[in-house]
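S.K.: Structure file entry09.txt (compact mmCIF, C-alpha atoms) right here:
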# COMPACT_ATOMS: atom_id res chain seq x y z
CA MET F 1 112.46 126.42 106.75
CA GLN F 2 113.67 122.81 106.62
CA ARG F 3 111.51 120.02 105.22
CA VAL F 4 109.78 117.82 107.83
CA LEU F 5 108.29 114.55 106.57
CA GLU F 6 104.70 113.58 107.19
CA PRO F 7 103.20 110.06 106.87
CA GLU F 8 103.29 108.74 103.30
CA VAL F 9 99.85 107.11 103.45
CA MET F 10 96.62 108.32 105.06
CA ASP F 11 95.14 104.90 105.54
CA THR F 12 92.78 104.81 108.50
CA SER F 13 89.11 104.94 107.53
CA GLU F 14 88.72 108.01 109.78
CA GLU F 15 91.48 109.87 107.88
CA ALA F 16 89.97 108.91 104.53
CA VAL F 17 86.47 110.04 105.55
CA GLU F 18 87.86 113.28 106.97
CA TYR F 19 89.90 113.95 103.83
CA ASP F 20 86.92 113.31 101.55
CA ALA F 21 84.80 115.68 103.66
CA MET F 22 87.24 118.59 103.27
CA ASP F 23 85.97 120.97 100.63
CA PHE F 24 88.47 120.94 97.77
CA THR F 25 85.80 121.58 95.10
CA GLU F 26 87.30 124.81 93.83
CA VAL F 27 90.88 123.51 93.77
CA ASN F 28 89.86 120.18 92.20
CA THR F 29 87.71 121.88 89.54
CA ALA F 30 90.59 124.18 88.56
CA PHE F 31 92.95 121.16 88.48
CA ALA F 32 90.59 119.12 86.28
CA LYS F 33 90.06 122.03 83.87
CA HIS F 34 93.80 122.56 83.44
CA ALA F 35 94.41 118.82 83.04
CA ILE F 36 91.84 118.72 80.21
CA ASP F 37 93.62 121.64 78.48
CA LEU F 38 96.87 119.62 78.44
CA SER F 39 95.37 116.19 77.70
CA PRO F 40 94.84 114.33 74.42
CA GLN F 41 91.30 114.32 72.99
CA SER F 42 91.02 110.63 73.78
CA GLY F 43 93.26 108.15 75.55
CA LEU F 44 94.31 106.72 78.89
CA ILE F 45 95.26 108.87 81.89
CA LEU F 46 96.92 107.77 85.11
CA ASP F 47 95.98 109.74 88.23
CA ALA F 48 98.74 108.84 90.71
CA GLY F 49 97.67 109.29 94.32
CA THR F 50 94.02 109.64 93.33
CA GLY F 51 92.74 109.66 96.91
CA THR F 52 88.94 109.49 96.79
CA ALA F 53 88.84 109.91 92.97
CA ARG F 54 87.28 113.39 92.96
CA ILE F 55 89.54 114.65 90.12
CA PRO F 56 89.01 111.70 87.70
CA ILE F 57 85.27 112.14 88.19
CA LEU F 58 85.44 115.84 87.25
CA ILE F 59 87.58 115.05 84.17
CA CYS F 60 85.42 112.16 82.93
CA GLN F 61 82.17 114.09 83.40
CA GLN F 62 83.47 116.57 80.81
CA CYS F 63 85.42 114.18 78.56
CA PRO F 64 83.57 110.91 77.86
CA GLN F 65 86.33 109.88 75.42
CA LEU F 66 89.00 109.72 78.16
CA GLN F 67 89.69 106.72 80.39
CA VAL F 68 91.31 107.15 83.81
CA ILE F 69 93.10 104.70 86.08
CA GLY F 70 93.33 106.16 89.58
CA SER F 71 96.03 104.59 91.75
CA ASP F 72 96.61 105.04 95.47
CA LEU F 73 98.39 103.33 98.35
CA SER F 74 95.45 103.80 100.71
CA LYS F 75 92.77 101.09 100.65
CA ASN F 76 90.37 103.26 102.62
CA MET F 77 90.74 106.20 100.23
CA LEU F 78 89.99 103.86 97.31
CA LEU F 79 86.95 102.40 99.07
CA ILE F 80 85.43 105.87 99.34
CA GLY F 81 86.64 106.64 95.81
CA SER F 82 84.80 103.58 94.44
CA LYS F 83 81.57 104.80 96.03
CA ASN F 84 82.13 108.27 94.55
CA VAL F 85 82.73 106.79 91.06
CA GLU F 86 79.65 104.59 91.36
CA GLN F 87 77.53 107.53 92.50
CA ALA F 88 78.70 109.50 89.45
CA GLY F 89 77.90 106.51 87.19
CA LEU F 90 81.42 106.49 85.73
CA GLN F 91 82.51 102.89 86.39
CA LYS F 92 83.12 102.31 82.65
CA GLN F 93 85.52 105.26 82.42
CA ILE F 94 87.32 105.14 85.76
CA SER F 95 89.04 102.18 87.40
CA LEU F 96 90.73 102.46 90.80
CA GLU F 97 93.75 100.35 91.75
CA LEU F 98 95.89 99.88 94.86
CA ALA F 99 99.43 100.75 93.75
CA ASP F 100 102.63 102.36 94.96
CA SER F 101 103.49 105.39 92.81
CA LYS F 102 107.20 104.72 93.35
CA GLN F 103 106.82 101.25 91.79
CA LEU F 104 103.89 101.31 89.40
CA PRO F 105 102.47 98.00 88.11
CA TYR F 106 102.05 99.35 84.57
CA GLN F 107 103.79 98.74 81.27
CA ASP F 108 106.34 101.10 79.73
CA GLY F 109 104.63 103.75 77.60
CA GLN F 110 101.12 102.69 78.65
CA PHE F 111 99.65 106.14 79.34
CA ASP F 112 98.85 109.20 77.23
CA MET F 113 98.97 111.39 80.32
CA VAL F 114 99.98 111.24 83.99
CA ILE F 115 98.37 113.59 86.48
CA SER F 116 98.93 113.91 90.20
CA ASN F 117 97.61 116.31 92.79
CA SER F 118 99.36 116.66 96.14
CA ILE F 119 101.24 113.35 96.24
CA VAL F 120 104.82 114.64 96.04
CA HIS F 121 104.98 116.15 99.53
CA HIS F 122 104.08 112.73 100.99
CA LEU F 123 107.18 111.09 99.47
CA PRO F 124 110.45 110.97 101.41
CA ASP F 125 112.28 110.98 98.04
CA PRO F 126 110.13 111.85 94.97
CA LEU F 127 112.78 110.91 92.36
CA PRO F 128 111.59 107.26 91.99
CA PHE F 129 108.05 108.58 91.39
CA PHE F 130 109.21 110.94 88.64
CA LEU F 131 111.27 108.13 87.06
CA GLU F 132 108.14 105.94 87.06
CA ILE F 133 106.14 108.71 85.40
CA LYS F 134 108.74 108.84 82.64
CA ARG F 135 108.64 105.05 82.25
CA VAL F 136 104.85 104.54 82.05
CA LEU F 137 104.23 107.59 79.86
CA LYS F 138 104.32 107.63 76.07
CA PRO F 139 107.20 109.81 74.77
CA ASN F 140 104.67 112.41 73.56
CA GLY F 141 102.52 112.07 76.71
CA ALA F 142 101.19 114.91 78.83
CA ILE F 143 102.19 115.61 82.43
CA PHE F 144 100.32 117.62 85.01
CA ILE F 145 101.57 117.51 88.60
CA ARG F 146 100.65 120.03 91.26
CA ASP F 147 101.54 120.21 94.92
CA LEU F 148 102.08 122.54 97.83
CA ILE F 149 105.15 124.73 98.04
CA ARG F 150 107.12 124.97 101.29
CA PRO F 151 106.97 128.50 102.73
CA ASP F 152 110.20 130.34 103.56
CA ASP F 153 109.60 130.42 107.30
CA GLU F 154 107.23 129.44 110.13
CA ALA F 155 105.57 132.87 110.26
CA THR F 156 104.60 132.74 106.57
CA MET F 157 103.34 129.17 107.00
CA ASN F 158 101.23 130.09 110.04
CA ALA F 159 99.72 133.06 108.19
CA PHE F 160 98.76 130.79 105.25
CA VAL F 161 97.22 128.16 107.53
CA GLU F 162 95.27 130.81 109.43
CA SER F 163 93.84 132.45 106.30
CA ILE F 164 92.95 129.17 104.56
CA GLY F 165 91.59 127.58 107.73
CA THR F 166 89.32 130.56 108.35
CA GLU F 167 88.12 130.72 104.72
CA SER F 168 87.41 127.00 104.55
CA GLU F 169 86.14 126.71 108.14
CA TYR F 170 88.68 123.99 108.97
CA ASP F 171 88.76 122.62 112.49
CA GLU F 172 91.92 122.36 114.57
CA ARG F 173 92.88 118.94 113.21
CA GLN F 174 92.40 120.01 109.59
CA ASN F 175 94.59 123.06 110.23
CA MET F 176 97.22 120.75 111.69
CA LEU F 177 97.07 118.51 108.59
CA LEU F 178 97.58 121.54 106.34
CA ARG F 179 100.50 122.77 108.47
CA ASP F 180 102.13 119.30 108.32
CA SER F 181 101.67 119.18 104.54
CA LEU F 182 103.25 122.60 104.02
CA HIS F 183 106.18 121.57 106.22
CA ALA F 184 106.68 118.43 104.11
CA ALA F 185 106.40 120.24 100.77
CA PHE F 186 109.22 121.13 98.36
CA ARG F 187 110.62 124.44 97.15
CA LEU F 188 110.48 125.30 93.45
CA ASN F 189 114.25 124.83 92.90
CA GLU F 190 114.05 121.37 94.52
CA VAL F 191 111.24 120.31 92.16
CA ASN F 192 113.18 121.59 89.14
CA GLU F 193 116.19 119.57 90.21
CA ILE F 194 114.12 116.36 90.59
CA VAL F 195 112.45 116.81 87.18
CA GLN F 196 115.87 117.28 85.55
CA LYS F 197 117.35 114.27 87.35
CA ALA F 198 114.45 112.13 86.13
CA GLY F 199 115.25 113.16 82.54
CA LEU F 200 111.74 114.46 81.85
CA GLU F 201 112.08 116.75 78.85
CA GLY F 202 109.91 119.72 77.94
CA VAL F 203 108.36 119.98 81.40
CA LYS F 204 107.64 123.49 82.64
CA VAL F 205 107.98 123.92 86.42
CA TYR F 206 106.53 127.10 87.91
CA GLN F 207 104.83 128.56 90.97
CA SER F 208 101.11 128.52 90.17
CA SER F 209 99.72 130.17 93.33
CA ASP F 210 100.88 131.44 96.71
CA LEU F 211 100.72 127.85 97.91
CA HIS F 212 101.39 125.64 94.87
CA TRP F 213 103.96 124.63 92.28
CA THR F 214 103.05 122.98 88.98
CA ALA F 215 105.01 120.76 86.59
CA GLU F 216 103.36 120.38 83.21
CA ARG F 217 103.80 119.30 79.60
CA LYS F 218 101.12 119.33 76.94
CA TYR F 219 100.24 116.21 74.93
CA THR F 220 101.66 116.38 71.42
CA GLU F 221 99.95 114.65 68.50
CA ILE F 222 102.15 112.37 66.43
CA HIS F 223 101.23 112.53 62.75
Translate the structure described by the file into structure tokens.
M.R.:
Amino acid sequence: MQRVLEPEVMDTSEEAVEYDAMDFTEVNTAFAKHAIDLSPQSGLILDAGTGTARIPILICQQCPQLQVIGSDLSKNMLLIGSKNVEQAGLQKQISLELADSKQLPYQDGQFDMVISNSIVHHLPDPLPFFLEIKRVLKPNGAIFIRDLIRPDDEATMNAFVESIGTESEYDERQNMLLRDSLHAAFRLNEVNEIVQKAGLEGVKVYQSSDLHWTAERKYTEIH
């Protein structure tokens, strides 16, 4: 099945509200838990494509010694994210910033960790994003990126959408969004190739579920 691009930014307030209303609790909780396993005990994390900041909130609730900058290209996502952060009382730990992940406004080696959930399939070409990760990350920094994997064919994709949509009680539009995302996603070999091209060393790329790939590297202490 060939890759079909979807819009890079979900930026209408309706889209942002709808996205925030979709129940990703289980997925986000698993993501946050794994991110904490790979992260330093204290330090600064970048969450690229943070959306409505659900993942930084879950991380910071468990790790008061971590700081997170959540960046996103969607103003409306960040508006909802700010309310979510405020509601959680985590304004001192989490700051949200409007930024393009392909051209990050951060210094070289600024972050101890970069995380990203489901941003890669939105990018026409993800290589600039992976090069930026390498640039803004400390040489010993942790990486945790997860995204959807493109199914082999339409039939497999439709079966996935049907089973997930039924389980999560998605409406027709939410099913369509999921189908578009799967169509725009990458295969495992494509992700491996991008990671290698970006020169990111020690990153393990693997299929982490029926629907997801993961690229990760644990933080290493420098003594």
S.K.: May I ask which of the residues F:Asp72, F:Glu193, F:Glu154, F:Glu201 is the closest one to F:Asp180, counting only C-alpha atoms?
M.R.: F:Glu154
S.K.: Nearest to F:Ser168 among F:Thr156, F:Ser116, F:Thr25, F:Ser13, with distances taken over only C-alpha atoms: which residue is it?
M.R.: F:Thr25
S.K.: Which one of F:Arg54, F:Arg173, F:Lys92, F:His212 sits closest to F:His121 if you count all atoms listed in the file?
M.R.: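 Counting all atoms listed in the file, the residue closest to F:His121 is F:His212.
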S.K.: Counting all atoms listed in the file, figure out which residue out of F:Trp213, F:Tyr219, F:Tyr206, F:Tyr170 gets nearest to F:Phe24.
M.R.: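 Checking each candidate against F:Phe24, we get F:Tyr170 as the closest.
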S.K.: Could you name the residues that touch F:Leu44 at 7 Å or less, counting all atoms listed in the file, but leaving out those on the same chain fewer than 2 positions away, as a PyMOL selection string?
M.R.: chain F and resi 46+66-68+111-113
S.K.: Go through F:Lys138, F:Val203, F:Val17, F:Lys197 one by one, measure the shortest atom-to-atom distance of each to F:Ile222 using all atoms listed in the file, and give the residue with the smallest value.
M.R.: F:Lys138
S.K.: As an exercise, work out the distance from atom CA of F:Pro56 to atom CA of F:Leu5 in Å and give it to one decimal place.
M.R.: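 A separation of 27.1 Å between them.
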S.K.: For each of F:Phe130, F:Phe31, F:Phe186, F:Phe160, take the minimum atom-to-atom distance to F:Ile55, counting all atoms listed in the file, then give the residue where this is smallest.
M.R.: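 Looking only at the distances to F:Ile55, the closest residue turns out to be F:Phe31.
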S.K.: One decimal, in Å: what's the spacing between atom CA of F:Gln61 and atom CA of F:Val27?
M.R.: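 These two atoms are separated by 16.5 Å.
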S.K.: Could you name the residues that touch F:Ile145 at 6 Å or less, counting only C-alpha atoms, but leaving out those on the same chain fewer than 4 positions away, as a ChimeraX atom specification?
M.R.: /F:115-117,214-215
S.K.: Please report the interatomic distance between atom CA of F:Asn76 and atom CA of F:Asp100 in Å with one decimal.
M.R.: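 Result for atom CA of F:Asn76 versus atom CA of F:Asp100: 14.5 Å, one decimal.
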S.K.: I need every residue sitting at most 12 Å from the point (77.9, 106.1, 82.4) (coordinates as in the file, all atoms listed in the file considered), written as a PyMOL selection string.
M.R.: chain F and resi 57+60-65+67+85-94
S.K.: Selected residues, C-alpha atoms, written as a PDB file, in the frame of the given file, please.
M.R.:
ATOM      1  CA  ILE F  57      85.270 112.140  88.190  1.00  0.00           C
ATOM      2  CA  CYS F  60      85.420 112.160  82.930  1.00  0.00           C
ATOM      3  CA  GLN F  61      82.170 114.090  83.400  1.00  0.00           C
ATOM      4  CA  GLN F  62      83.470 116.570  80.810  1.00  0.00           C
ATOM      5  CA  CYS F  63      85.420 114.180  78.560  1.00  0.00           C
ATOM      6  CA  PRO F  64      83.570 110.910  77.860  1.00  0.00           C
ATOM      7  CA  GLN F  65      86.330 109.880  75.420  1.00  0.00           C
ATOM      8  CA  GLN F  67      89.690 106.720  80.390  1.00  0.00           C
ATOM      9  CA  VAL F  85      82.730 106.790  91.060  1.00  0.00           C
ATOM     10  CA  GLU F  86      79.650 104.590  91.360  1.00  0.00           C
ATOM     11  CA  GLN F  87      77.530 107.530  92.500  1.00  0.00           C
ATOM     12  CA  ALA F  88      78.700 109.500  89.450  1.00  0.00           C
ATOM     13  CA  GLY F  89      77.900 106.510  87.190  1.00  0.00           C
ATOM     14  CA  LEU F  90      81.420 106.490  85.730  1.00  0.00           C
ATOM     15  CA  GLN F  91      82.510 102.890  86.390  1.00  0.00           C
ATOM     16  CA  LYS F  92      83.120 102.310  82.650  1.00  0.00           C
ATOM     17  CA  GLN F  93      85.520 105.260  82.420  1.00  0.00           C
ATOM     18  CA  ILE F  94      87.320 105.140  85.760  1.00  0.00           C
TER      19      ILE F  94
END
S.K.: Which residues are near F:Lys218? Cut-off 12 Å, all atoms listed in the file, ignore same chain within fewer than 6 positions. Put them as a VMD selection string.
M.R.: chain F and resid 34 to 41 112 to 115 139 to 145 201 to 204
S.K.: For F:Lys134, find every residue with an atom within 8 Å (counting only C-alpha atoms), except residues of its own chain fewer than 5 positions away, and show them as a list of chain:residue names.
M.R.: F:Ala198, F:Gly199, F:Leu200
